[in-house]
Structures are given as structure tokens and as C-alpha cells.
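Novice: Sending over a structure as C-alpha cells; questions will come in a sec.
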Amino acid sequence: MPPSDLDTELTAERNHLAASRAALRRMRDRAQALFSTGSEVAGDPYSAESLGRTLSRRVAELADDPTTPLFFGRLDITDTNYYVGRRHVTDDVGEPMVLDWRAPLSRSFYRASARDPQGVSTRRRFGFVHGELTSFEDEHLDRGEELGTGSRILTAEIERPRVGPMRDIVATIQPEQDELVRAELSDSICVQGAPGTGKTAVGLHRAAYLLYLHRERLRRSGVLVVGPNSAFLSYISAVLPALGEVEVQQATVDDLVAHAPVRATDSPVAALVKHDPRMAEVLRAALWGRLAKPTEPIMVSDGSYRWRIDPEPLRRIVDEAGREGLPYALGRERVRARVVGLLQRQSEYRTGNSPGEAWLRKMSKVAPVREFLDATWPAMTPEALVVGVLSDPSVAGDLLTEPEREALRWTKPPKTPKSAKFSAADLVLLDEASGLLERRQSFGHVVVDEAQDLSPMQARAIARRSEHGSVTLLGDLAQGTAPWAASRWQDTLAHLGKPDAAVVPLTVGFRVPAAVVALANRLLPALGVNVPEAVSLRRDGDLSMVPVAEPAGLSAATLVEVTAALEHEGSVAVIAADAAVDDLHRHLAAAGVQTATPADVDSPARVTVVPATIVKGLEYDHVIVAEPADIVAAEPRGLHRLYVVLTRAVSRLSVVHAKPLPDALEGRSFS
Ligand SMILES: Nc1ncnc2c1ncn2[C@@H]1O[C@H](COP(=O)(O)OP(=O)(O)OP(=O)(O)O)[C@@H](O)[C@H]1O
């Protein structure tokens, strides 16, 4: 295109952007006006409130962020231009100015190719600087032109220095990612992907996509995103709101099962047993083992009448309710209702009248009925069940070995379930117990990130929350650091109740530069998992190994690296074994370097000191790893942890070490 035509074209596109922003403002003003008058137009307080909620949500959804482009692409289809952006924008008569990226037509923006142009003659991508439209890039698919990952705009986006929390990737979703994002709501999928292949991004965009397509249904049932820790949740928390989705719940697995405060610590062996799937059987057996066969009749005096139910029909009721597969507490209520039903029949037969509600209520609570229930189907709480098992693990019988039973045993059982001090693993057991007792509401869709670390019992906790919905499981077996980390996805999927979910690989890395990936990949053979290596899209980036003569010089060498890193744009992280973090903070602070903690994503400090155990899922422009040998030595799956740590860098990685590097990393010089 000649330069003057280019200018005209660019001006026309900027005008469309300005007009679209103005139209969005008008849409928001209209929603705001409706919101303000909502309470006056609604007939009653209830509809005023629910209308108010809908409208305020609508106002929030229509918020415009001037720093992110409203549209990022254009499709030319049979002489019509369709702009693709973060949300629908229509003009005053309802004509579309920008199509939501999730609309069916927008799919071609991500999937059309020279081989399969899907009716698109030209695909245009826009380049932005600080929300200003500054360039565009065309692919004439009808002429066989296709840029693929050679797109300048894609490259610029991937290589952009990172600051602050995670951003959405709507403008540059790749075809293999898009296929996962747009999978059907009913499909549960498991994505195995090397570090930086966009798993988290895919999961969040899939949540946004499903909400768009099944808005009402998912609003009712809810969508849940589960992440490994709160630092990670803060890091991803802005992505969905930026896509207009403000109602997705985000939680760690620990948040999901927080039935009580954590006030005890387990030995590693005890924790392992508690996270084992056989514990589900143990709890089930312990609970249902409380049922007793009715041996006595129920006799109720009711005014001048006396009712009697013999043990035989009572046994039938209990057996039948036991076979129905209901949660325990519901089974108990069913037995109660059937007993009252028999009393009702006797009363009807004798009096010729049907007793009313009040009578039924009274009968369901009379002492003989209560005593019968307490004897045959005793009331139970999750706490009482778990305390029972941990105080006397012999109820596990052959389900556990003798040493396993002993590992569970509480040396000092609490006097009452209320006074029990639970460990983190106990909370997972409490959740299992509450699932045996009551039905839990299922989300419509659950996205689970870093799923390789789920224990079987944690997977079951998520299964209970997705029983009637679908899941997107995201993870990397090579990054499994929990003692119970999965080595095969099929196992996790089975515990999640989705054994048929497809396992789909993502292999193209968008974060870590090729030289850094090559270093991390050296660890793979030592990690005992069968996963494809990451292939980096990034040819840029730096890797430097910084040997230090003695351990006392480590902090000083780290400071030198931090100072050098601050010369560049972007975030800087010092990642070290957890035990070394405080010292590093102090050392950097003493040298006048302001530091932040990873949960504080809005901190003005450019340097974050991150304990190795919480860096999973995060990324920083420049990463300085302090003493890899200590990171490896700190935990049983230390090499897996190091693999995670080495794959956090977007542009540059420096490895500062006084001790020898772990064998698996040694080999040749990298500097
Ligand atoms: N299609 C894309 N376009 C631009 N950037 C992308 C794309 N896909 C992923 N990214 C970027 O690559 C980085 C890594 O993505 P993400 O965190 O989702 O990877 P991950 O597979 O979850 O990594 P990890 O296994 O380390 O948790 C992020 O900065 C993300 O925005």
C-alpha cells in the first residue's frame, strides 16, 4: 500500500475506533440511566432489587478501559468489514460496530487460514500503543497469504515486557488454543502443556466464552476458577473483568474446603494417607457402619390412640433407604418421612380422617420416632465423622495397612468434635465427609489450573462441585511438586469423575525464550514424567549463569543482578528457597531496593522476592534465581520445583549460585 493510502486507511480505522468508543459510552449511559430509575419503574422491592442488580452488572460490563483497545481485528467478508473486539458495540439503531470476540462470526478471526479462508478475503490485525491505534497488518487469505506465528503484532505482544497482573490474550489467541477455548460446554477437557504454552490464558478465555454462549444457565449455576494459591489468584484476577465477566468465582482448593481453621500440622506420612483416595472409602464405611438394624417396635401415644410399628417394616424402611444411594443425612430424613407415613396410614385407617401438616410435623419429632432414628440411623456431622475416624482408625479395617492406620491416629483425641484441631489435610476429609452427608450444589463449569498437584481427595472435592457441570483441567505433569502429584492425567480425571475427558497437548511456548527453555528442558529426563518438551516461539531473551565464589557472596551477587535488571523495562523477580527469602528482602532493602511480595500485584516496587513454593503460574520479565541447589534440597520433589522456577522468565534469566548446580542441569557452559 502506498504511504498516503496507508495514512488514509489508518485515519479511517482510528475514526471507527473513536466512533465505537463513543457508541460504547452511550450504551453505558443508557444502562446507567436505567439503573438510576430502576427502583422507580420496578413494581415491588424484590423486582427493584433484582433489576438493580442486573443493571449494575450491565453497567460494570460496559465499562471501557481506555488503555486496552476496543477492537483488535477486522474481517472482510463479501465486502463487509466486521471489527472484532472485546465486546459487542452497537450504534444507536442497533447496527454492530464491534463484534464480541466470542460471537460465531468472530471465530474466523482465529481460525481462518489460507487453506480454509471461511469466506474471509482479508484478515486485519491492529497494533496499539497505549490504547492508540498505530498500525495494522493484513493477510489476504483469498490470495493465499498467511502470517501464522510470523505476525509482527503477535510477536510484539508476546515479547512485550511484563508489568503487573496477567492480561487477556483475545487479540492473539492461536488456532490450537482457540479450539480449546470454544469447546462445547458439555465437554470436559484436560490440557497438558509445557510452561508458558498459555494454559491459564486458555482456561480463563474458555470461562469467558462459555459465559457468553450460555449466559443464563451459567449465571444460575456459576463458574468457578480454581488456582494453586492466593498470589496466583491475584495475578489472574483482572483477566475476566477485562473481558466483561465480573461474576466468576475464584478460589484455591484450600478455600473450597475451608470448613474450619487450620490449627494442626500433619507428619508427611499422615498427610499422604489423608490425601489417598482410600480415605473416601474409609469415611464411607465409617459412616454407613453406624446404621443399626431396628429391633424394637415404635410405639407412639397420640391422644387417646396408640400407634405401633413393628421391627420388620422398620427394617424394610431402613434397608430400602440405604439402597437408594442418597447422601446419609437425606437418607435419615427419608426414613423419618416413611415412618411418619406409616403412622399417618394407621391414623387415617382408625379415624377416617387425613391428619394435617401440624400433626405430621409433630409425629416427625415425637420422642419414640427420634429415639428410633438415633438408634438406627444416628445424626452425624462431618466433624464427628472425621474425629471418629482419626481417634480410632481401626474402623478403616483392611482398607489401610496397620502403619497407615497408626499414622492417622490422633495421640490426644479431642473431648468433643467442636474442640478438635484440624490440619489442612483434615479439611479435605471434612469436605469428603460433608459430601457423604449432604448434596452439594454443582457449578456449571469449573476451570482448575495447576491441576497436576491435586491429590485424589482434592480432586474429589472438585468433583463434588462439578458433578453436573463440565471441567477444564489445566496443568503440566512436569511441574508437579505436591507429594501426591499426578504422573498420569487419567488418574486425576478418574478422581474428578470425568474419566472420558480428552487430554489435549499445547506445545508452543509464548513466555520463556528458547535459550531458557533449553536449560529447563535439561531437567525433564530426571522428572519421571512423559510429557512433550516445550518449543519456544521466542528467539530473543538472555540466559546467564553467575557463579559466586562462596555462599557469603550470594546476596551481593544477587543485588548486582537486580541492579542490572532494573536497567531494563519490565518486572523483576528474585526467586529463592523459601527459607532464604527474608534475608534477601533485608539485603535488598538495605541497599535501597524497594521490594514487594507476590500477592501485592499493584505494588509500585518493580522487584518482587518470591519464595520458590509459590511461584507456580506466575511470570516476570527478568528472573534471578538464587541458589538452585537450595531450592532442590528444600523438598522431596525439589527438581520439579526448580523446573517451575526456571520457567518463569519472559525475557531474561540469571542463575546465581555459590553451590554446584544440580547434576541434571550441569553439562555445558551457558554464559
Ligand atoms: N496466544 C497468545 N498470544 C499472546 N500471548 C500469549 C498467548 N498465549 C499465551 N500467551 C502469554 O504467554 C504467557 C504464558 O501464558 P500462561 O501463563 O497462560 O501459560 P501456562 O501454560 O499457564 O504456564 P505455566 O505452566 O507456567 O503456568 C502469558 O503471558 C500469556 O499472556
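Each chain in the C-alpha cells gets a letter, A, B, ..., in the order shown, and its residues are numbered from 1; ligands are numbered from 1 in order too.
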List all protein, DNA and RNA residues that have an atom no more than 8 Å from any atom of ligand 1, counting only C-alpha atoms and all ligand atoms, and report them as a CSV table (one decimal) with N, CA and C atoms, in the first residue's frame.
Specialist:
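Saved file pocket-v7.csv follows:
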```csv
chain,number,residue,atom,x,y,z
A,154,LEU,N,1.7,-10.2,16.7
A,154,LEU,CA,1.7,-11.3,17.6
A,154,LEU,C,3.1,-11.3,18.3
A,155,THR,N,4.1,-11.2,17.6
A,155,THR,CA,5.5,-11.2,18.1
A,155,THR,C,5.6,-10.1,19.1
A,157,GLU,N,3.3,-8.6,20.9
A,157,GLU,CA,2.5,-8.9,22.1
A,157,GLU,C,3.3,-9.9,23.0
A,158,ILE,N,3.8,-10.9,22.4
A,158,ILE,CA,4.5,-11.9,23.2
A,158,ILE,C,5.7,-11.4,23.8
A,162,ARG,N,6.7,-7.5,30.6
A,162,ARG,CA,5.6,-7.7,31.5
A,162,ARG,C,5.7,-6.8,32.7
A,166,MET,N,-1.7,-10.4,35.1
A,166,MET,CA,-1.9,-11.0,33.8
A,166,MET,C,-2.9,-10.3,33.0
A,167,ARG,N,-2.7,-10.3,31.6
A,167,ARG,CA,-3.6,-9.6,30.8
A,167,ARG,C,-4.3,-10.7,29.9
A,168,ASP,N,-5.4,-10.2,29.3
A,168,ASP,CA,-6.1,-11.2,28.4
A,168,ASP,C,-5.3,-11.3,27.1
A,169,ILE,N,-5.6,-12.4,26.3
A,169,ILE,CA,-4.9,-12.6,25.0
A,169,ILE,C,-5.9,-12.6,23.8
A,170,VAL,N,-7.0,-12.0,24.0
A,170,VAL,CA,-8.1,-12.1,23.0
A,170,VAL,C,-7.6,-11.7,21.6
A,171,ALA,N,-6.6,-10.8,21.5
A,171,ALA,CA,-6.2,-10.3,20.2
A,171,ALA,C,-5.4,-11.3,19.5
A,172,THR,N,-4.8,-12.2,20.2
A,172,THR,CA,-3.8,-13.1,19.6
A,172,THR,C,-4.0,-14.6,19.9
A,173,ILE,N,-5.2,-14.9,20.3
A,173,ILE,CA,-5.4,-16.4,20.6
A,173,ILE,C,-5.0,-17.2,19.3
A,174,GLN,N,-4.2,-18.2,19.5
A,174,GLN,CA,-3.8,-19.1,18.4
A,174,GLN,C,-4.8,-20.2,18.1
A,177,GLN,N,-5.2,-23.0,20.5
A,177,GLN,CA,-5.8,-22.5,21.8
A,177,GLN,C,-7.3,-22.2,21.6
A,193,GLY,N,0.2,-29.0,29.1
A,193,GLY,CA,1.1,-28.1,28.3
A,193,GLY,C,2.3,-27.7,29.1
A,194,ALA,N,3.4,-27.6,28.4
A,194,ALA,CA,4.7,-27.1,29.0
A,194,ALA,C,4.5,-25.7,29.5
A,195,PRO,N,5.4,-25.2,30.3
A,195,PRO,CA,5.3,-23.9,30.9
A,195,PRO,C,5.2,-22.8,29.8
A,196,GLY,N,4.2,-21.9,30.1
A,196,GLY,CA,4.1,-20.8,29.1
A,196,GLY,C,3.4,-21.1,27.8
A,197,THR,N,2.7,-22.2,27.7
A,197,THR,CA,2.0,-22.5,26.5
A,197,THR,C,0.6,-21.9,26.5
A,198,GLY,N,0.3,-21.2,27.5
A,198,GLY,CA,-1.0,-20.5,27.5
A,198,GLY,C,-2.1,-21.2,28.1
A,199,LYS,N,-1.8,-22.2,29.0
A,199,LYS,CA,-2.9,-23.0,29.6
A,199,LYS,C,-3.8,-22.1,30.5
A,200,THR,N,-3.2,-21.2,31.3
A,200,THR,CA,-4.0,-20.4,32.2
A,200,THR,C,-4.9,-19.5,31.3
A,201,ALA,N,-4.2,-18.9,30.3
A,201,ALA,CA,-4.9,-18.0,29.4
A,201,ALA,C,-6.1,-18.7,28.7
A,202,VAL,N,-5.9,-20.0,28.3
A,202,VAL,CA,-6.9,-20.7,27.6
A,202,VAL,C,-8.1,-21.0,28.6
A,203,GLY,N,-7.7,-21.3,29.8
A,203,GLY,CA,-8.8,-21.6,30.8
A,203,GLY,C,-9.7,-20.4,31.1
A,449,ASP,N,-6.7,-24.8,37.5
A,449,ASP,CA,-5.3,-24.6,37.0
A,449,ASP,C,-4.3,-25.3,37.9
A,450,GLU,N,-3.2,-25.6,37.3
A,450,GLU,CA,-2.1,-26.3,38.0
A,450,GLU,C,-2.7,-27.6,38.6
A,474,LEU,N,-6.2,-27.8,33.7
A,474,LEU,CA,-5.0,-27.3,33.1
A,474,LEU,C,-3.8,-27.7,33.9
A,475,GLY,N,-2.8,-28.2,33.3
A,475,GLY,CA,-1.6,-28.5,34.1
A,475,GLY,C,-0.4,-29.0,33.2
A,476,ASP,N,0.6,-29.4,34.0
A,476,ASP,CA,1.8,-29.9,33.4
A,476,ASP,C,2.4,-30.9,34.4
A,479,GLN,N,5.5,-30.2,36.2
A,479,GLN,CA,5.6,-29.2,37.2
A,479,GLN,C,4.9,-29.6,38.5
A,506,LEU,N,-0.7,-28.8,24.6
A,506,LEU,CA,-0.3,-27.5,24.0
A,506,LEU,C,1.2,-27.5,24.0
A,509,GLY,N,5.4,-22.5,23.3
A,509,GLY,CA,5.5,-21.7,24.4
A,509,GLY,C,5.6,-20.2,24.1
A,510,PHE,N,4.8,-19.4,24.8
A,510,PHE,CA,4.7,-18.0,24.5
A,510,PHE,C,5.5,-17.1,25.5
A,511,ARG,N,6.0,-17.8,26.6
A,511,ARG,CA,6.6,-17.0,27.6
A,511,ARG,C,8.1,-17.1,27.6
A,616,LYS,N,4.6,-20.8,41.2
A,616,LYS,CA,3.9,-21.5,40.1
A,616,LYS,C,2.8,-20.7,39.4
A,617,GLY,N,2.8,-20.7,38.1
A,617,GLY,CA,1.8,-20.0,37.4
A,617,GLY,C,2.1,-18.5,37.2
A,618,LEU,N,3.1,-18.0,37.9
A,618,LEU,CA,3.4,-16.6,37.8
A,618,LEU,C,4.5,-16.4,36.7
A,619,GLU,N,4.7,-15.1,36.2
A,619,GLU,CA,5.8,-14.8,35.3
A,619,GLU,C,6.3,-13.4,35.6
A,644,VAL,N,9.9,-25.5,37.6
A,644,VAL,CA,8.9,-24.4,37.7
A,644,VAL,C,9.6,-23.1,37.7
A,647,THR,N,11.3,-21.6,34.7
A,647,THR,CA,10.4,-21.4,33.5
A,647,THR,C,9.5,-20.2,33.7
A,648,ARG,N,9.9,-19.3,34.6
A,648,ARG,CA,9.1,-18.1,34.9
A,648,ARG,C,9.5,-16.8,34.2
A,650,VAL,N,10.2,-14.2,31.3
A,650,VAL,CA,9.7,-13.8,30.0
A,650,VAL,C,10.9,-13.3,29.1
```
Novice: For the interface of region 62-160 of chain A with region 11-34 of chain A (cut-off 7 Å, counting only C-alpha atoms), please tabulate each contacting residue of region 62-160 of chain A alongside its nearest pair of atoms and their separation in Å to one decimal, rows sorted by chain and increasing number, as CSV.
Specialist:
```
residue,atom,partner,partner_atom,distance
A:Leu62,CA,A:Arg28,CA,5.7
A:Val89,CA,A:Leu24,CA,5.9
A:Thr90,CA,A:Ala23,CA,6.7
A:Asp91,CA,A:Ala23,CA,5.7
A:Met97,CA,A:Ser20,CA,6.2
A:Leu133,CA,A:Arg14,CA,6.3
```
Novice: Would you return as an MDAnalysis selection string the members of region 109-327 of chain A that DSSP assigns to strand (DSSP E or B) on this structure's backbone?
Specialist: chainID A and resid 120:129 132:140 189:193 223:227 249:252 262:264 298:302 305:309
Novice: Just C-alpha atoms for this one: save the residues we selected as an mmCIF file, in the first residue's frame.
Specialist:
```cif
data_model
loop_
_atom_site.group_PDB
_atom_site.id
_atom_site.type_symbol
_atom_site.label_atom_id
_atom_site.label_comp_id
_atom_site.auth_asym_id
_atom_site.auth_seq_id
_atom_site.Cartn_x
_atom_site.Cartn_y
_atom_site.Cartn_z
ATOM 1 C CA VAL A 120 -12.689 -14.157 4.728
ATOM 2 C CA SER A 121 -10.881 -12.278 1.978
ATOM 3 C CA THR A 122 -8.679 -10.182 4.285
ATOM 4 C CA ARG A 123 -7.865 -10.534 7.968
ATOM 5 C CA ARG A 124 -6.521 -7.381 9.534
ATOM 6 C CA ARG A 125 -4.769 -7.153 12.909
ATOM 7 C CA PHE A 126 -4.338 -3.818 14.610
ATOM 8 C CA GLY A 127 -1.299 -2.676 16.523
ATOM 9 C CA PHE A 128 -1.845 -0.416 19.534
ATOM 10 C CA VAL A 129 0.387 1.682 21.720
ATOM 11 C CA GLU A 132 -3.890 4.337 20.433
ATOM 12 C CA LEU A 133 -4.296 2.519 17.154
ATOM 13 C CA THR A 134 -0.907 2.867 15.466
ATOM 14 C CA SER A 135 -0.598 0.184 12.811
ATOM 15 C CA PHE A 136 -2.242 -2.739 11.087
ATOM 16 C CA GLU A 137 -1.190 -5.904 9.375
ATOM 17 C CA ASP A 138 -3.188 -7.591 6.605
ATOM 18 C CA GLU A 139 -3.370 -11.185 5.479
ATOM 19 C CA HIS A 140 -5.089 -11.619 2.131
ATOM 20 C CA ILE A 189 -11.109 -31.295 28.698
ATOM 21 C CA CYS A 190 -7.657 -31.697 30.152
ATOM 22 C CA VAL A 191 -4.862 -29.592 28.741
ATOM 23 C CA GLN A 192 -1.302 -30.859 29.198
ATOM 24 C CA GLY A 193 1.058 -28.067 28.302
ATOM 25 C CA VAL A 223 -18.469 -20.723 37.031
ATOM 26 C CA LEU A 224 -15.518 -21.401 39.295
ATOM 27 C CA VAL A 225 -11.794 -20.954 38.679
ATOM 28 C CA VAL A 226 -9.505 -22.883 40.998
ATOM 29 C CA GLY A 227 -5.848 -21.850 41.315
ATOM 30 C CA GLN A 249 -15.707 -17.107 41.450
ATOM 31 C CA GLN A 250 -12.026 -17.704 42.046
ATOM 32 C CA ALA A 251 -10.686 -19.867 44.841
ATOM 33 C CA THR A 252 -7.790 -22.042 45.896
ATOM 34 C CA VAL A 262 -6.188 -24.975 60.209
ATOM 35 C CA ARG A 263 -4.772 -25.436 63.702
ATOM 36 C CA ALA A 264 -2.636 -28.548 63.372
ATOM 37 C CA ILE A 298 -42.005 -47.820 67.647
ATOM 38 C CA MET A 299 -44.925 -47.032 69.928
ATOM 39 C CA VAL A 300 -46.465 -43.579 69.895
ATOM 40 C CA SER A 301 -49.301 -42.322 72.043
ATOM 41 C CA ASP A 302 -51.405 -39.814 70.230
ATOM 42 C CA TYR A 305 -54.779 -43.534 70.348
ATOM 43 C CA ARG A 306 -51.627 -45.626 70.386
ATOM 44 C CA TRP A 307 -49.764 -46.375 67.194
ATOM 45 C CA ARG A 308 -47.282 -49.149 66.726
ATOM 46 C CA ILE A 309 -44.831 -50.046 64.005
#
```
Novice: For Ser651 (chain A), work out the shell of residues within 6 Å, counting only C-alpha atoms and skipping chain neighbours fewer than 5 positions away, then give it as a list in words.
Specialist: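 The contact residues come out as Gly541, Asp621 and His622 of chain A.
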Novice: Those selected residues, please, written with C-alpha atoms and delivered as a short mmCIF file (atom, residue, chain, number, x, y, z; two decimals), in the first residue's frame.
Specialist:
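For reference, part_21.cif as written:
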```
data_model
loop_
_atom_site.label_atom_id
_atom_site.label_comp_id
_atom_site.auth_asym_id
_atom_site.auth_seq_id
_atom_site.Cartn_x
_atom_site.Cartn_y
_atom_site.Cartn_z
CA GLY A 541 15.94 -13.39 25.56
CA ASP A 621 10.18 -10.18 32.80
CA HIS A 622 13.56 -10.75 34.40
#
```
Novice: Could you write out, as a PyMOL selection string, all the residues of region 259-450 of chain A that DSSP marks as helix (DSSP H, G or I)?
Specialist: chain A and resi 268-274+278-288+311-323+328-351+357-365+367-376+382-391+393-399+402-408+417-419+424-437
Novice: Give me, please, the distance in Å between CA of Leu211 (chain A) and CA of Ala231 (chain A), quoted to one decimal.
Specialist: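 One can read the CA of Leu211 (chain A) to CA of Ala231 (chain A) distance as 24.9 Å.
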Novice: Please build the interface table for region 307-359 of chain A against region 372-388 of chain A with a cut-off of 9 Å, listing for each qualifying residue the nearest atom pair and the distance in Å to one decimal; count only C-alpha atoms, order rows by chain and increasing number, and write it as a tab-separated table.
Specialist:
```
residue	atom	partner	partner_atom	distance
A:Val318	CA	A:Thr376	CA	8.0
A:Tyr328	CA	A:Met380	CA	8.5
A:Ala329	CA	A:Ala379	CA	7.3
A:Gly331	CA	A:Trp377	CA	8.6
A:Arg332	CA	A:Trp377	CA	6.1
A:Val335	CA	A:Leu373	CA	8.0
A:Arg336	CA	A:Leu373	CA	7.2
```
Novice: For the residues selected in the previous step, produce a file with C-alpha atoms as an mmCIF file, in the first residue's frame.
Specialist:
```cif
data_model
loop_
_atom_site.group_PDB
_atom_site.id
_atom_site.type_symbol
_atom_site.label_atom_id
_atom_site.label_comp_id
_atom_site.auth_asym_id
_atom_site.auth_seq_id
_atom_site.Cartn_x
_atom_site.Cartn_y
_atom_site.Cartn_z
ATOM 1 C CA VAL A 318 -34.048 -48.690 56.659
ATOM 2 C CA TYR A 328 -26.591 -40.024 54.584
ATOM 3 C CA ALA A 329 -28.472 -37.056 56.037
ATOM 4 C CA GLY A 331 -31.435 -40.935 53.848
ATOM 5 C CA ARG A 332 -32.134 -40.257 57.502
ATOM 6 C CA VAL A 335 -36.556 -42.886 56.845
ATOM 7 C CA ARG A 336 -38.201 -40.362 59.146
#
```
Novice: Near Ser267 (chain A), within 12 Å and counting only C-alpha atoms, which residues show up once chain neighbours fewer than 5 positions away are dropped, as a PyMOL selection string?
Specialist: chain A and resi 272-274+404+406-410+423-425
Novice: Now that the selection is made, can you save its residues with N, CA and C atoms as a PDB file, in the first residue's frame?
Specialist:
```pdb
ATOM      1  N   LEU A 272       0.010 -37.815  53.567  1.00  0.00           N
ATOM      2  CA  LEU A 272      -0.081 -38.670  52.386  1.00  0.00           C
ATOM      3  C   LEU A 272      -1.272 -39.632  52.500  1.00  0.00           C
ATOM      4  N   VAL A 273      -1.437 -40.207  53.678  1.00  0.00           N
ATOM      5  CA  VAL A 273      -2.558 -41.141  53.863  1.00  0.00           C
ATOM      6  C   VAL A 273      -3.888 -40.383  53.731  1.00  0.00           C
ATOM      7  N   LYS A 274      -3.934 -39.198  54.327  1.00  0.00           N
ATOM      8  CA  LYS A 274      -5.200 -38.455  54.314  1.00  0.00           C
ATOM      9  C   LYS A 274      -5.596 -38.017  52.908  1.00  0.00           C
ATOM     10  N   GLU A 404      -0.362 -47.391  58.189  1.00  0.00           N
ATOM     11  CA  GLU A 404      -1.163 -46.254  57.711  1.00  0.00           C
ATOM     12  C   GLU A 404      -2.210 -45.871  58.751  1.00  0.00           C
ATOM     13  N   GLU A 406      -1.990 -46.315  61.890  1.00  0.00           N
ATOM     14  CA  GLU A 406      -1.301 -45.688  63.023  1.00  0.00           C
ATOM     15  C   GLU A 406      -0.878 -44.251  62.697  1.00  0.00           C
ATOM     16  N   ALA A 407      -0.527 -44.022  61.421  1.00  0.00           N
ATOM     17  CA  ALA A 407      -0.133 -42.658  61.025  1.00  0.00           C
ATOM     18  C   ALA A 407      -1.308 -41.693  61.177  1.00  0.00           C
ATOM     19  N   LEU A 408      -2.514 -42.234  61.003  1.00  0.00           N
ATOM     20  CA  LEU A 408      -3.709 -41.380  61.126  1.00  0.00           C
ATOM     21  C   LEU A 408      -4.047 -41.056  62.576  1.00  0.00           C
ATOM     22  N   ARG A 409      -3.732 -41.981  63.444  1.00  0.00           N
ATOM     23  CA  ARG A 409      -4.263 -41.930  64.820  1.00  0.00           C
ATOM     24  C   ARG A 409      -3.863 -40.661  65.556  1.00  0.00           C
ATOM     25  N   TRP A 410      -4.872 -40.017  66.148  1.00  0.00           N
ATOM     26  CA  TRP A 410      -4.599 -38.846  66.980  1.00  0.00           C
ATOM     27  C   TRP A 410      -4.087 -39.318  68.322  1.00  0.00           C
ATOM     28  N   SER A 423      -5.980 -30.276  60.753  1.00  0.00           N
ATOM     29  CA  SER A 423      -4.861 -29.917  59.861  1.00  0.00           C
ATOM     30  C   SER A 423      -5.436 -29.599  58.478  1.00  0.00           C
ATOM     31  N   ALA A 424      -4.578 -29.107  57.581  1.00  0.00           N
ATOM     32  CA  ALA A 424      -5.039 -28.788  56.224  1.00  0.00           C
ATOM     33  C   ALA A 424      -5.619 -30.039  55.550  1.00  0.00           C
ATOM     34  N   ALA A 425      -4.951 -31.178  55.744  1.00  0.00           N
ATOM     35  CA  ALA A 425      -5.454 -32.406  55.110  1.00  0.00           C
ATOM     36  C   ALA A 425      -6.772 -32.844  55.740  1.00  0.00           C
TER      37      ALA A 425
END
```
Novice: Identify, on the basis of only C-alpha atoms, every residue whose closest approach to Ala258 (chain A) does not exceed 10 Å; exclude the query and any residue fewer than 5 positions from it along the same chain; express the result as a count of residues only.
Specialist: 7
Novice: Name all residues at most 10 Å from Ser186 (chain A) (count only C-alpha atoms; drop same-chain ones fewer than 5 positions away) and give them as a ChimeraX atom specification.
Specialist: /A:444-445,468-471
